[in-house]
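J.: Take a look at model21.txt, compact mmCIF, C-alpha atoms:
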# COMPACT_ATOMS: atom_id res chain seq x y z
CA MET A 1 114.11 134.90 -6.12
CA ARG A 2 113.78 136.50 -2.69
CA GLU A 3 111.36 139.01 -1.24
CA LEU A 4 111.00 140.66 2.15
CA ALA A 5 107.60 140.56 3.84
CA PRO A 6 107.47 143.50 6.28
CA ALA A 7 105.27 143.34 9.36
CA LYS A 8 102.65 146.03 9.74
CA ILE A 9 101.64 148.11 12.69
CA ASN A 10 98.34 149.91 13.03
CA VAL A 11 99.29 153.48 13.86
CA CYS A 12 95.59 153.84 14.55
CA LEU A 13 92.68 151.41 14.29
CA CYS A 14 89.10 152.61 14.60
CA LEU A 15 86.27 150.10 14.59
CA GLY A 16 82.99 150.77 12.83
CA PRO A 17 79.73 148.84 12.55
CA ARG A 18 79.48 145.20 11.56
CA ARG A 19 78.45 144.70 7.94
CA ASP A 20 75.99 142.22 6.47
CA ASP A 21 78.91 140.01 5.41
CA GLY A 22 80.02 139.71 9.04
CA LEU A 23 83.07 141.97 8.62
CA HIS A 24 83.49 145.33 10.27
CA GLU A 25 83.97 148.73 8.75
CA LEU A 26 87.38 150.09 9.71
CA LEU A 27 89.53 153.17 9.52
CA SER A 28 93.20 152.47 10.03
CA VAL A 29 96.58 153.89 9.16
CA MET A 30 98.95 150.95 8.65
CA GLN A 31 102.72 151.27 8.51
CA SER A 32 105.11 148.60 7.27
CA ILE A 33 108.15 148.25 9.51
CA THR A 34 111.62 146.77 9.19
CA LEU A 35 110.74 143.60 11.13
CA CYS A 36 110.38 141.25 8.16
CA ASP A 37 109.83 137.65 7.18
CA GLU A 38 111.81 136.53 4.13
CA LEU A 39 110.50 134.46 1.25
CA GLU A 40 112.56 132.56 -1.30
CA MET A 41 110.88 131.09 -4.38
CA LEU A 42 112.54 128.50 -6.59
CA ASP A 43 111.51 125.80 -9.03
CA GLY A 44 110.48 122.62 -7.25
CA GLN A 45 108.92 119.21 -7.77
CA ARG A 46 105.46 120.53 -6.95
CA ASP A 47 103.82 123.71 -5.72
CA GLU A 48 104.54 123.83 -2.00
CA THR A 49 105.16 126.21 0.86
CA VAL A 50 107.76 125.41 3.50
CA CYS A 51 107.70 127.20 6.84
CA PRO A 52 109.12 125.13 9.72
CA ASP A 53 107.91 127.62 12.33
CA VAL A 54 104.21 127.48 11.41
CA GLU A 55 102.11 124.35 11.21
CA GLY A 56 99.08 123.81 8.99
CA PRO A 57 97.71 125.69 5.98
CA ASN A 58 98.93 129.21 5.28
CA LEU A 59 98.00 132.12 3.06
CA VAL A 60 101.10 131.76 0.87
CA ALA A 61 99.86 128.42 -0.48
CA ALA A 62 96.46 129.99 -1.08
CA ALA A 63 98.09 132.93 -2.87
CA LEU A 64 100.03 130.61 -5.17
CA ALA A 65 96.92 128.61 -6.08
CA ALA A 66 94.82 131.74 -6.60
CA PHE A 67 97.49 133.35 -8.79
CA ARG A 68 97.72 130.32 -11.06
CA GLU A 69 93.95 130.12 -11.40
CA ALA A 70 93.48 133.83 -12.10
CA THR A 71 96.34 134.23 -14.59
CA GLY A 72 96.43 130.76 -16.14
CA TRP A 73 100.17 130.70 -15.52
CA SER A 74 101.49 127.21 -16.29
CA GLY A 75 105.09 127.80 -15.25
CA PRO A 76 107.07 125.14 -13.40
CA PRO A 77 106.11 124.09 -9.87
CA GLN A 78 107.22 126.58 -7.26
CA ARG A 79 108.65 125.92 -3.82
CA ILE A 80 108.29 128.91 -1.51
CA GLU A 81 110.39 128.83 1.65
CA ILE A 82 109.56 131.23 4.48
CA VAL A 83 111.88 132.40 7.23
CA LYS A 84 109.64 133.69 10.03
CA ARG A 85 110.70 136.68 12.10
CA ILE A 86 107.28 138.30 12.60
CA PRO A 87 105.48 136.96 15.70
CA VAL A 88 102.63 134.60 14.78
CA ALA A 89 98.98 135.45 15.57
CA ALA A 90 100.20 138.66 17.19
CA GLY A 91 98.35 141.42 15.33
CA MET A 92 101.30 142.30 13.08
CA GLY A 93 99.92 140.80 9.86
CA GLY A 94 102.69 138.25 9.35
CA GLY A 95 100.59 135.78 7.39
CA SER A 96 99.12 138.55 5.27
CA ALA A 97 102.57 140.04 4.67
CA ASP A 98 103.83 136.65 3.49
CA ALA A 99 100.88 136.26 1.10
CA ALA A 100 101.43 139.75 -0.30
CA ALA A 101 105.14 139.04 -0.78
CA ALA A 102 104.28 135.77 -2.55
CA LEU A 103 102.04 137.65 -4.99
CA ARG A 104 104.88 140.07 -5.73
CA LEU A 105 107.25 137.16 -6.34
CA LEU A 106 104.79 135.37 -8.59
CA ALA A 107 104.17 138.49 -10.66
CA ARG A 108 107.92 138.93 -11.17
CA ARG A 109 108.50 135.25 -11.90
CA SER A 110 105.66 134.90 -14.41
CA GLY A 111 105.52 138.37 -15.95
CA LEU A 112 101.75 138.23 -15.37
CA GLY A 113 99.34 139.97 -13.07
CA ASP A 114 98.88 143.73 -13.20
CA THR A 115 98.35 145.80 -10.07
CA ARG A 116 94.56 145.65 -10.34
CA LEU A 117 94.52 141.85 -10.49
CA LEU A 118 96.98 141.52 -7.62
CA LEU A 119 94.81 143.80 -5.49
CA GLU A 120 91.75 141.69 -6.29
CA LEU A 121 93.58 138.50 -5.38
CA ALA A 122 94.94 140.09 -2.21
CA ALA A 123 91.51 141.29 -1.06
CA ALA A 124 90.05 137.82 -1.62
CA LEU A 125 92.84 136.19 0.42
CA GLY A 126 92.28 138.25 3.57
CA SER A 127 91.42 141.70 4.85
CA ASP A 128 95.04 142.70 5.58
CA VAL A 129 96.67 141.32 2.42
CA ALA A 130 95.65 144.18 0.12
CA SER A 131 97.05 146.77 2.52
CA GLN A 132 100.42 145.02 2.46
CA LEU A 133 100.69 144.45 -1.26
CA ARG A 134 102.78 147.61 -1.54
CA PRO A 135 104.77 147.93 1.69
CA GLY A 136 104.78 151.43 3.09
CA ARG A 137 102.16 153.61 4.75
CA VAL A 138 98.50 153.27 3.78
CA LEU A 139 95.07 154.45 4.84
CA VAL A 140 92.65 151.54 5.02
CA ARG A 141 88.87 151.75 4.94
CA GLY A 142 86.04 149.32 4.31
CA ALA A 143 86.90 145.98 5.86
CA GLY A 144 90.50 146.38 4.70
CA GLU A 145 89.92 146.27 0.96
CA VAL A 146 89.88 150.04 0.32
CA VAL A 147 93.56 151.02 0.42
CA THR A 148 95.04 154.46 -0.25
CA ALA A 149 98.82 154.92 -0.33
CA LEU A 150 100.20 157.65 1.91
CA ALA A 151 103.53 159.44 1.88
CA ASP A 152 106.32 157.98 3.99
CA PRO A 153 106.31 159.49 7.48
CA ALA A 154 109.13 161.26 9.23
CA PRO A 155 111.50 158.71 10.81
CA PHE A 156 110.34 157.21 14.09
CA GLY A 157 111.21 154.25 16.25
CA VAL A 158 109.10 151.21 17.07
CA LEU A 159 109.57 149.01 20.12
CA VAL A 160 107.97 145.60 19.57
CA LEU A 161 107.05 143.55 22.63
CA PRO A 162 105.72 140.11 21.62
CA SER A 163 103.68 138.53 24.39
CA GLY A 164 104.22 134.91 23.42
CA GLN A 165 100.44 134.55 23.59
CA MET A 166 98.40 134.07 20.44
CA LEU A 167 95.08 135.87 20.03
CA SER A 168 92.57 134.87 17.39
CA THR A 169 91.56 137.93 15.37
CA ALA A 170 88.01 136.58 15.13
CA ALA A 171 87.84 136.14 18.91
CA VAL A 172 89.01 139.72 19.49
CA TYR A 173 86.37 141.09 17.12
CA ARG A 174 83.68 139.02 18.85
CA GLU A 175 84.79 140.42 22.19
CA ALA A 176 84.74 143.93 20.74
CA ASP A 177 81.15 143.36 19.66
CA ARG A 178 80.25 142.03 23.12
CA LEU A 179 81.79 145.14 24.69
CA ALA A 180 80.06 147.38 22.11
CA LEU A 181 83.34 149.07 21.18
CA GLY A 182 82.37 149.92 17.60
CA ARG A 183 81.56 153.39 16.38
CA THR A 184 78.61 154.29 14.16
CA ALA A 185 79.16 154.71 10.43
CA GLU A 186 78.71 158.45 10.85
CA GLU A 187 81.26 158.63 13.65
CA LEU A 188 83.75 156.63 11.61
CA ALA A 189 83.31 158.84 8.54
CA ALA A 190 83.91 162.00 10.59
CA LEU A 191 87.32 160.91 11.93
CA GLU A 192 90.52 162.61 10.82
CA PRO A 193 93.22 159.90 10.55
CA SER A 194 96.13 162.27 11.21
CA ALA A 195 94.72 163.00 14.68
CA LEU A 196 94.30 159.38 15.72
CA THR A 197 97.86 158.12 16.30
CA GLY A 198 97.95 155.74 19.24
CA ILE A 199 94.22 154.91 19.21
CA ASN A 200 93.19 151.27 18.87
CA ASP A 201 89.51 150.52 19.42
CA LEU A 202 90.29 146.78 19.72
CA GLU A 203 92.66 147.28 22.64
CA ALA A 204 90.02 146.83 25.35
CA ALA A 205 88.85 143.58 23.74
CA ALA A 206 92.41 142.24 23.50
CA LEU A 207 93.04 143.16 27.14
CA ALA A 208 89.84 141.40 28.22
CA LEU A 209 91.01 138.19 26.54
CA ALA A 210 94.68 138.50 27.52
CA PRO A 211 95.06 140.62 30.69
CA SER A 212 98.83 140.11 30.66
CA ILE A 213 98.98 142.64 27.82
CA ALA A 214 98.66 145.35 30.47
CA THR A 215 102.12 144.47 31.76
CA ALA A 216 103.64 144.92 28.30
CA LEU A 217 101.87 148.26 27.88
CA ALA A 218 103.34 149.46 31.17
CA CYS A 219 106.76 148.17 30.10
CA ALA A 220 106.63 150.19 26.87
CA ARG A 221 105.64 153.34 28.72
CA GLU A 222 108.37 152.87 31.31
CA ALA A 223 110.86 152.41 28.46
CA GLY A 224 110.05 155.94 27.30
CA ALA A 225 107.60 155.36 24.46
CA THR A 226 105.65 158.45 23.41
CA ARG A 227 102.69 156.15 22.84
CA ALA A 228 102.13 152.53 23.83
CA MET A 229 99.35 150.48 22.30
CA VAL A 230 98.19 147.02 21.34
CA CYS A 231 99.17 146.26 17.75
CA GLY A 232 96.13 145.40 15.65
CA SER A 233 94.11 142.68 17.37
CA GLY A 234 97.06 141.82 19.65
CA ALA A 235 98.63 140.30 21.57
CA THR A 236 101.82 142.18 20.60
CA VAL A 237 102.36 145.60 22.18
CA ILE A 238 104.22 148.38 20.42
CA GLY A 239 105.81 151.56 21.69
CA LEU A 240 106.26 154.51 19.36
CA PHE A 241 109.28 156.82 19.73
CA ASP A 242 109.77 160.15 17.99
CA ASP A 243 113.51 159.35 17.76
CA PRO A 244 114.36 156.02 16.05
CA LEU A 245 117.56 155.74 18.08
CA GLU A 246 115.61 155.96 21.33
CA GLY A 247 113.42 153.07 20.22
CA ALA A 248 116.51 150.96 19.49
CA ARG A 249 118.09 151.88 22.83
CA ALA A 250 114.90 150.99 24.69
CA ALA A 251 114.80 147.58 23.01
CA SER A 252 118.46 146.98 23.84
CA ARG A 253 117.94 147.85 27.52
CA LEU A 254 114.97 145.52 27.78
CA VAL A 255 116.82 142.67 26.08
CA ASP A 256 119.62 143.12 28.62
CA HIS A 257 116.99 142.53 31.32
CA GLY A 258 115.72 139.36 29.70
CA VAL A 259 112.68 140.84 27.93
CA ASP A 260 111.76 139.72 24.41
CA ALA A 261 111.98 143.15 22.74
CA ARG A 262 112.73 144.15 19.18
CA ALA A 263 113.43 147.48 17.53
CA ALA A 264 112.15 148.56 14.12
CA ARG A 265 111.66 151.58 11.92
CA PRO A 266 109.26 152.40 9.08
CA PHE A 267 109.86 150.28 5.99
CA PRO A 268 110.31 152.65 3.01
CA GLY A 269 107.28 152.62 0.74
CA ALA A 270 109.17 152.74 -2.56
CA ALA A 271 111.35 149.74 -1.76
CA SER A 272 108.96 147.06 -2.95
CA ALA A 273 106.00 147.03 -5.31
CA PRO A 274 103.98 144.52 -7.29
CA GLY A 275 105.11 143.66 -10.78
Before anything else, please render the file you have as structure tokens.

T.:
Amino acid sequence: MRELAPAKINVCLCLGPRRDDGLHELLSVMQSITLCDELEMLDGQRDETVCPDVEGPNLVAAALAAFREATGWSGPPQRIEIVKRIPVAAGMGGGSADAAAALRLLARRSGLGDTRLLLELAAALGSDVASQLRPGRVLVRGAGEVVTALADPAPFGVLVLPSGQMLSTAAVYREADRLALGRTAEELAALEPSALTGINDLEAAALALAPSIATALACAREAGATRAMVCGSGATVIGLFDDPLEGARAASRLVDHGVDARAARPFPGAASAPG
């Protein structure tokens, strides 16, 4: 059994106050894109996750263990192999996308786990997992656990510029707190998501920790992007193009000049859903 795990971009990301649990209130529109990891699940000798490109524990193993515990599924051991294409620790939700894809695979394989349970498991695994359980376009509030599906947008192009530098999400949020970038709860509640495309309140914090991001932002603008922004907590930069073909052409030109650049489009929301 195979499943795609689409990366996400934050079309907008607005930071609210820090909560008592240490997390921050957010308002974000997230869009799945066609830059995807791929998961394959098959019967194995034991439950295990194999991803040669990433060392150490990962959310897919945690998702598998949590699913078994929550559902009581006693099916055969599962080996989940991951082909990584999403940059790691780059603000594109690759680990969360993989965990969400694993939950979809497990639900199909076992015949267990309704949407409500999968959402509960996803929210417990990490703040971005729930938003990626159903790839597509979503409005996210709370600390990432309040997810509302949105209609697919008009086609657009995405230029992805990985920096090669990893930024810890926790470190970026700490820097955002130090810089006092957060909005009040009242300010956050008054925002209209449709008017916020291209705004990322974490961008200044990411730039403070990784100044080289500024070069990638300039590169995206020079390539013709309508908007250039840090993706999530960084360090990846994205450029948004009204015309998908222009985004692909921009990526191709940059690759010809030796730049690590990738082109993507919105991932259709109806293409994948939990069992």

J.: Considering all atoms listed in the file, tabulate each residue of stretch 18-37 of chain A that lies at most 12 Å from stretch 152-158 of chain A along with its nearest interatomic pair and the corresponding distance in Å to one decimal; arrange the rows by chain and ascending residue number and present them as CSV.

T.:
residue,atom,partner,partner_atom,distance
A:Val29,CA,A:Pro153,CA,11.4
A:Met30,CA,A:Asp152,CA,11.2
A:Gln31,CA,A:Asp152,CA,8.9
A:Ser32,CA,A:Asp152,CA,10.0
A:Ile33,CA,A:Val158,CA,8.2
A:Thr34,CA,A:Val158,CA,9.4
A:Leu35,CA,A:Val158,CA,9.8

J.: Might you pull out every residue within 12 Å of A:Ala180, with all atoms listed in the file counted and same-chain residues fewer than 6 positions away left off, and present them as a list of chain:residue names?

T.: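 Close residues of A:Ala180: A:Leu15, A:Gly16, A:Pro17, A:Arg18, A:Tyr173, A:Arg174, A:Asp201, A:Leu202, A:Ala204, A:Ala205.
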
J.: Taking only C-alpha atoms into account, produce a table as a Markdown table in which each residue of stretch 55-148 of chain A with an atom at most 6 Å from an atom of stretch 41-45 of chain A appears once, together with its shortest atom pair and the distance in Å to one decimal, ordered by chain and rising number.

T.:
| residue | atom | partner | partner_atom | distance |
| --- | --- | --- | --- | --- |
| A:Pro77 | CA | A:Gly44 | CA | 5.3 |
| A:Gln78 | CA | A:Asp43 | CA | 4.7 |
| A:Arg79 | CA | A:Gly44 | CA | 5.1 |
| A:Ile80 | CA | A:Met41 | CA | 4.4 |

J.: What does the distance from atom CA of A:Val138 to atom CA of A:Leu150 come to in Å, to one decimal?

T.: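 So the two atoms, atom CA of A:Val138 and atom CA of A:Leu150, lie 5.1 Å apart.
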
J.: So, counting all atoms listed in the file, which residue among A:Thr148, A:Ser110, A:Gln132, A:Gln165 is closest to A:Asp98?

T.: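 With all atoms listed in the file as the atom set, the closest residue is A:Gln132.
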
J.: Which residue out of A:Val88, A:Val237, A:Cys51, A:Ala220 has the minimum interatomic distance to A:Leu167 when only C-alpha atoms are used?

T.: A:Val88

J.: Give me, as a JSON list (two decimals) with C-alpha atoms, in the coordinates of the input, all polymer residues having an atom no more than 9 Å from A:Cys219, counting only C-alpha atoms and skipping those fewer than 3 positions away in the same chain.

T.:
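As written to disk, around-v1.json reads:
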[["chain", "number", "residue", "atom", "x", "y", "z"],
["A", 161, "LEU", "CA", 107.05, 143.55, 22.63],
["A", 214, "ALA", "CA", 98.66, 145.35, 30.47],
["A", 215, "THR", "CA", 102.12, 144.47, 31.76],
["A", 216, "ALA", "CA", 103.64, 144.92, 28.30],
["A", 222, "GLU", "CA", 108.37, 152.87, 31.31],
["A", 223, "ALA", "CA", 110.86, 152.41, 28.46],
["A", 224, "GLY", "CA", 110.05, 155.94, 27.30],
["A", 228, "ALA", "CA", 102.13, 152.53, 23.83],
["A", 254, "LEU", "CA", 114.97, 145.52, 27.78]]

J.: Between atom CA of A:Ser168 and atom CA of A:Ala89, what distance in Å does the model show, to one decimal?

T.: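 Going from atom CA of A:Ser168 over to atom CA of A:Ala89 covers 6.7 Å.
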
J.: Please compute the atom CA of A:Thr49-atom CA of A:Glu81 distance, one decimal, in Å.

T.: 5.9 Å

J.: Would you fill the gaps in stretch 47-58 of chain A so it has all heavy atoms, then print it as a short mmCIF file (atom, residue, chain, number, x, y, z; two decimals), in the frame of the given file?

T.:
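Listing of out.cif after writing:
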data_model
loop_
_atom_site.label_atom_id
_atom_site.label_comp_id
_atom_site.auth_asym_id
_atom_site.auth_seq_id
_atom_site.Cartn_x
_atom_site.Cartn_y
_atom_site.Cartn_z
N ASP A 47 104.11 122.48 -6.44
CA ASP A 47 103.82 123.71 -5.72
C ASP A 47 103.74 123.40 -4.23
O ASP A 47 102.94 122.55 -3.81
CB ASP A 47 102.49 124.31 -6.19
CG ASP A 47 102.61 125.05 -7.51
OD1 ASP A 47 103.74 125.31 -7.96
OD2 ASP A 47 101.55 125.37 -8.10
N GLU A 48 104.58 124.07 -3.44
CA GLU A 48 104.54 123.83 -2.00
C GLU A 48 105.10 125.04 -1.26
O GLU A 48 105.88 125.83 -1.79
CB GLU A 48 105.33 122.58 -1.63
CG GLU A 48 106.82 122.65 -1.96
CD GLU A 48 107.57 121.41 -1.51
OE1 GLU A 48 107.11 120.74 -0.57
OE2 GLU A 48 108.63 121.11 -2.10
N THR A 49 104.68 125.16 -0.03
CA THR A 49 105.16 126.21 0.86
C THR A 49 105.80 125.55 2.07
O THR A 49 105.22 124.65 2.68
CB THR A 49 103.98 127.10 1.33
OG1 THR A 49 103.35 127.67 0.18
CG2 THR A 49 104.48 128.22 2.22
N VAL A 50 107.00 126.01 2.40
CA VAL A 50 107.76 125.41 3.50
C VAL A 50 108.01 126.50 4.55
O VAL A 50 108.67 127.51 4.26
CB VAL A 50 109.09 124.82 3.02
CG1 VAL A 50 109.85 124.23 4.20
CG2 VAL A 50 108.85 123.78 1.94
N CYS A 51 107.48 126.26 5.74
CA CYS A 51 107.70 127.20 6.84
C CYS A 51 107.77 126.39 8.13
O CYS A 51 106.74 126.08 8.73
CB CYS A 51 106.57 128.23 6.91
SG CYS A 51 106.84 129.49 8.18
N PRO A 52 108.98 126.01 8.55
CA PRO A 52 109.12 125.13 9.72
C PRO A 52 108.51 125.70 11.00
O PRO A 52 108.15 124.94 11.89
CB PRO A 52 110.64 124.98 9.86
CG PRO A 52 111.20 125.31 8.51
CD PRO A 52 110.28 126.34 7.95
N ASP A 53 108.37 127.01 11.09
CA ASP A 53 107.91 127.62 12.33
C ASP A 53 106.40 127.70 12.46
O ASP A 53 105.88 128.08 13.51
CB ASP A 53 108.49 129.04 12.47
CG ASP A 53 110.01 129.03 12.50
OD1 ASP A 53 110.56 128.19 13.23
OD2 ASP A 53 110.63 129.83 11.79
N VAL A 54 105.68 127.38 11.38
CA VAL A 54 104.21 127.48 11.41
C VAL A 54 103.63 126.19 10.87
O VAL A 54 103.97 125.76 9.76
CB VAL A 54 103.71 128.68 10.57
CG1 VAL A 54 102.19 128.75 10.61
CG2 VAL A 54 104.31 129.98 11.09
N GLU A 55 102.74 125.59 11.64
CA GLU A 55 102.11 124.35 11.21
C GLU A 55 100.79 124.64 10.51
O GLU A 55 100.13 125.64 10.77
CB GLU A 55 101.86 123.44 12.42
CG GLU A 55 103.14 122.99 13.12
CD GLU A 55 102.86 122.07 14.29
OE1 GLU A 55 101.66 121.81 14.56
OE2 GLU A 55 103.82 121.61 14.93
N GLY A 56 100.39 123.73 9.62
CA GLY A 56 99.08 123.81 8.99
C GLY A 56 99.05 124.70 7.78
O GLY A 56 100.08 125.24 7.34
N PRO A 57 97.86 124.88 7.19
CA PRO A 57 97.71 125.69 5.98
C PRO A 57 98.13 127.14 6.22
O PRO A 57 98.08 127.64 7.34
CB PRO A 57 96.20 125.61 5.68
CG PRO A 57 95.71 124.43 6.46
CD PRO A 57 96.59 124.32 7.66
N ASN A 58 98.57 127.80 5.15
CA ASN A 58 98.93 129.21 5.28
C ASN A 58 98.50 129.97 4.04
O ASN A 58 98.18 129.38 2.99
CB ASN A 58 100.42 129.38 5.55
CG ASN A 58 101.26 128.84 4.41
OD1 ASN A 58 101.31 129.41 3.34
ND2 ASN A 58 101.92 127.70 4.64
#
